[in-house]
Amino acid sequence: VLNKALSEKFPVTDEEVEEAVKAQKEMMGDMFEMSLESEGLTEETFKKQMKPQLMKQKFLASIEVDEKSIDEAVERSKKEIHARHILVEDEETANEVKKKLDDGEDFAKLAEEYSTDASNAEDGGDLGFFTVGSMVPEFEDVVFNLEVGEVSDPIATDFGYHIAELLEVKES
């Protein structure tokens, strides 16, 4: 499925495959044939494998990343954050919990009462310290941008709706 999707947006011609194979042969010299043999490949099967690789290279080359995004990712990777959350199944419940938090109710008690995350509901929703890449992106994008003590609005993910509170930040 991935190869089909890539081939529609990033087509690779037979000439491009031939050029890539020629470049591999030149780079590897006599080792090219031995490498094919050790992998149990013929030159034709190698070409078939090369085409999806070239499509992926075209796809990756098409991605534009600005300096600001790179700087933000680097800064995020230098942090470990300590947060807690309340996970609920629907937006209506998330909004209800958020209102209770805004009205001053205790986060930990609401986590015990409402959270469907059995791994930490009894601990007040405590997620401990984590780094970038540990949580789903939608959740991380919000939590890494909170101020210490700040509670998020509901965050929709594939797991449901989260309300998060940033407890602490330290350099990793």
# chains A, B, ... in the order shown; residues from 1 in each chain; ligands from 1
$ residues_around --residues "Val74 (chain A)" --least-positions-apart "5" --cutoff "12 Å" --atoms "only C-alpha atoms" --output "PyMOL selection string"
chain A and resi 67-69+79+131-132+172
$ residues_around --residues "Asp106 (chain A)" --least-positions-apart "5" --cutoff "12 Å" --atoms "only C-alpha atoms" --output "number ranges by chain"
A: 86, 97-101, 111-113, 124-125, 151, 165
$ select_by_dssp --residues "region 25-110 of chain A" --states "strand (DSSP E)" --output "ChimeraX atom specification"
/A:79-88
$ closest_residue --among "A:Phe46, A:Phe32, A:Phe129, A:Phe107" --to "Gly149 (chain A)" --atoms "only C-alpha atoms"
A:Phe107
$ atom_distance --atom1 "CA of Pro52 (chain A)" --atom2 "CA of Lys4 (chain A)"
9.3 Å
$ closest_residue --among "A:Ile70, A:Ile163, A:Met28, A:Ala20" --to "Val142 (chain A)" --atoms "only C-alpha atoms"
A:Ile163
$ atom_distance --atom1 "CA of Lys109 (chain A)" --atom2 "CA of Leu146 (chain A)"
21.3 Å
$ atom_distance --atom1 "CA of Ile81 (chain A)" --atom2 "CA of Val169 (chain A)"
4.5 Å
$ residues_around --residues "Phe10 (chain A)" --least-positions-apart "3" --cutoff "9 Å" --atoms "only C-alpha atoms" --output "list in words"
Ala5, Leu6, Ser7, Leu54, Met55, Lys56, Lys58 and Phe59 of chain A
$ residues_around --residues "Val143 (chain A)" --least-positions-apart "3" --cutoff "7 Å" --atoms "only C-alpha atoms" --output "PDB file with N, CA, C and O atoms, in the first residue's frame"
ATOM      1  N   PHE A 139      -0.465  14.732  22.001  1.00  0.00           N
ATOM      2  CA  PHE A 139      -0.319  14.970  23.428  1.00  0.00           C
ATOM      3  C   PHE A 139       0.960  15.762  23.696  1.00  0.00           C
ATOM      4  O   PHE A 139       0.946  16.777  24.399  1.00  0.00           O
ATOM      5  N   GLU A 140       2.069  15.305  23.120  1.00  0.00           N
ATOM      6  CA  GLU A 140       3.352  15.980  23.326  1.00  0.00           C
ATOM      7  C   GLU A 140       3.325  17.424  22.866  1.00  0.00           C
ATOM      8  O   GLU A 140       3.863  18.300  23.537  1.00  0.00           O
ATOM      9  N   LEU A 146       3.228  23.723  27.578  1.00  0.00           N
ATOM     10  CA  LEU A 146       2.587  24.250  28.775  1.00  0.00           C
ATOM     11  C   LEU A 146       3.626  24.888  29.693  1.00  0.00           C
ATOM     12  O   LEU A 146       4.813  24.547  29.634  1.00  0.00           O
ATOM     13  N   ALA A 164      -4.119  17.468  30.542  1.00  0.00           N
ATOM     14  CA  ALA A 164      -2.792  17.300  31.118  1.00  0.00           C
ATOM     15  C   ALA A 164      -2.407  18.497  31.971  1.00  0.00           C
ATOM     16  O   ALA A 164      -2.847  19.619  31.716  1.00  0.00           O
ATOM     17  N   LEU A 166       1.264  20.117  33.459  1.00  0.00           N
ATOM     18  CA  LEU A 166       2.717  20.050  33.503  1.00  0.00           C
ATOM     19  C   LEU A 166       3.155  20.337  34.939  1.00  0.00           C
ATOM     20  O   LEU A 166       2.818  21.370  35.514  1.00  0.00           O
TER      21      LEU A 166
END
$ select_by_dssp --residues "region 15-131 of chain A" --states "helix (DSSP H, G or I)" --output "VMD selection string"
chain A and resid 15 to 28 31 to 39 43 to 62 67 to 77 91 to 102 107 to 114 121 to 123
$ closest_residue --among "A:Asp126, A:Glu171, A:Glu37, A:Glu147" --to "Glu80 (chain A)" --atoms "only C-alpha atoms"
A:Glu171
$ residues_around --residues "Ala156 (chain A)" --least-positions-apart "5" --cutoff "9 Å" --atoms "only C-alpha atoms" --output "PyMOL selection string"
chain A and resi 90-91+138-139+161-162
$ decode --residues "region 104-117 of chain A" --atoms "N, CA, C and O atoms" --output "CSV table (one decimal), in the first residue's frame"
chain,number,residue,atom,x,y,z
A,104,GLY,N,-11.5,24.8,40.4
A,104,GLY,CA,-10.7,24.5,41.6
A,104,GLY,C,-10.7,23.1,42.1
A,104,GLY,O,-10.1,22.9,43.2
A,105,GLU,N,-11.3,22.2,41.5
A,105,GLU,CA,-11.3,20.8,42.0
A,105,GLU,C,-9.9,20.2,41.8
A,105,GLU,O,-9.2,20.6,41.0
A,106,ASP,N,-9.7,19.2,42.7
A,106,ASP,CA,-8.3,18.6,42.8
A,106,ASP,C,-8.1,17.7,41.6
A,106,ASP,O,-8.9,16.8,41.3
A,107,PHE,N,-7.0,17.9,40.9
A,107,PHE,CA,-6.6,17.1,39.7
A,107,PHE,C,-6.5,15.6,40.0
A,107,PHE,O,-7.1,14.8,39.3
A,108,ALA,N,-5.8,15.3,41.1
A,108,ALA,CA,-5.6,13.9,41.4
A,108,ALA,C,-6.9,13.2,41.7
A,108,ALA,O,-7.1,12.0,41.3
A,109,LYS,N,-7.8,13.8,42.4
A,109,LYS,CA,-9.1,13.2,42.8
A,109,LYS,C,-9.9,13.0,41.5
A,109,LYS,O,-10.6,12.0,41.3
A,110,LEU,N,-9.9,14.0,40.6
A,110,LEU,CA,-10.6,13.8,39.3
A,110,LEU,C,-10.0,12.7,38.5
A,110,LEU,O,-10.7,12.0,37.8
A,111,ALA,N,-8.7,12.6,38.5
A,111,ALA,CA,-8.0,11.5,37.8
A,111,ALA,C,-8.5,10.2,38.3
A,111,ALA,O,-8.8,9.3,37.5
A,112,GLU,N,-8.5,10.0,39.6
A,112,GLU,CA,-9.0,8.7,40.2
A,112,GLU,C,-10.5,8.5,39.8
A,112,GLU,O,-10.8,7.3,39.5
A,113,GLU,N,-11.3,9.5,39.8
A,113,GLU,CA,-12.7,9.3,39.5
A,113,GLU,C,-13.0,9.1,38.0
A,113,GLU,O,-13.8,8.3,37.7
A,114,TYR,N,-12.3,9.9,37.1
A,114,TYR,CA,-12.7,9.9,35.7
A,114,TYR,C,-11.8,9.1,34.8
A,114,TYR,O,-12.2,8.6,33.7
A,115,SER,N,-10.5,9.1,35.1
A,115,SER,CA,-9.5,8.6,34.1
A,115,SER,C,-9.7,7.1,33.7
A,115,SER,O,-9.9,6.3,34.6
A,116,THR,N,-9.6,6.8,32.5
A,116,THR,CA,-9.7,5.5,32.0
A,116,THR,C,-8.4,4.8,31.8
A,116,THR,O,-8.2,3.7,31.4
A,117,ASP,N,-7.3,5.6,32.2
A,117,ASP,CA,-5.9,5.1,32.1
A,117,ASP,C,-5.6,4.3,33.4
A,117,ASP,O,-5.2,4.9,34.4
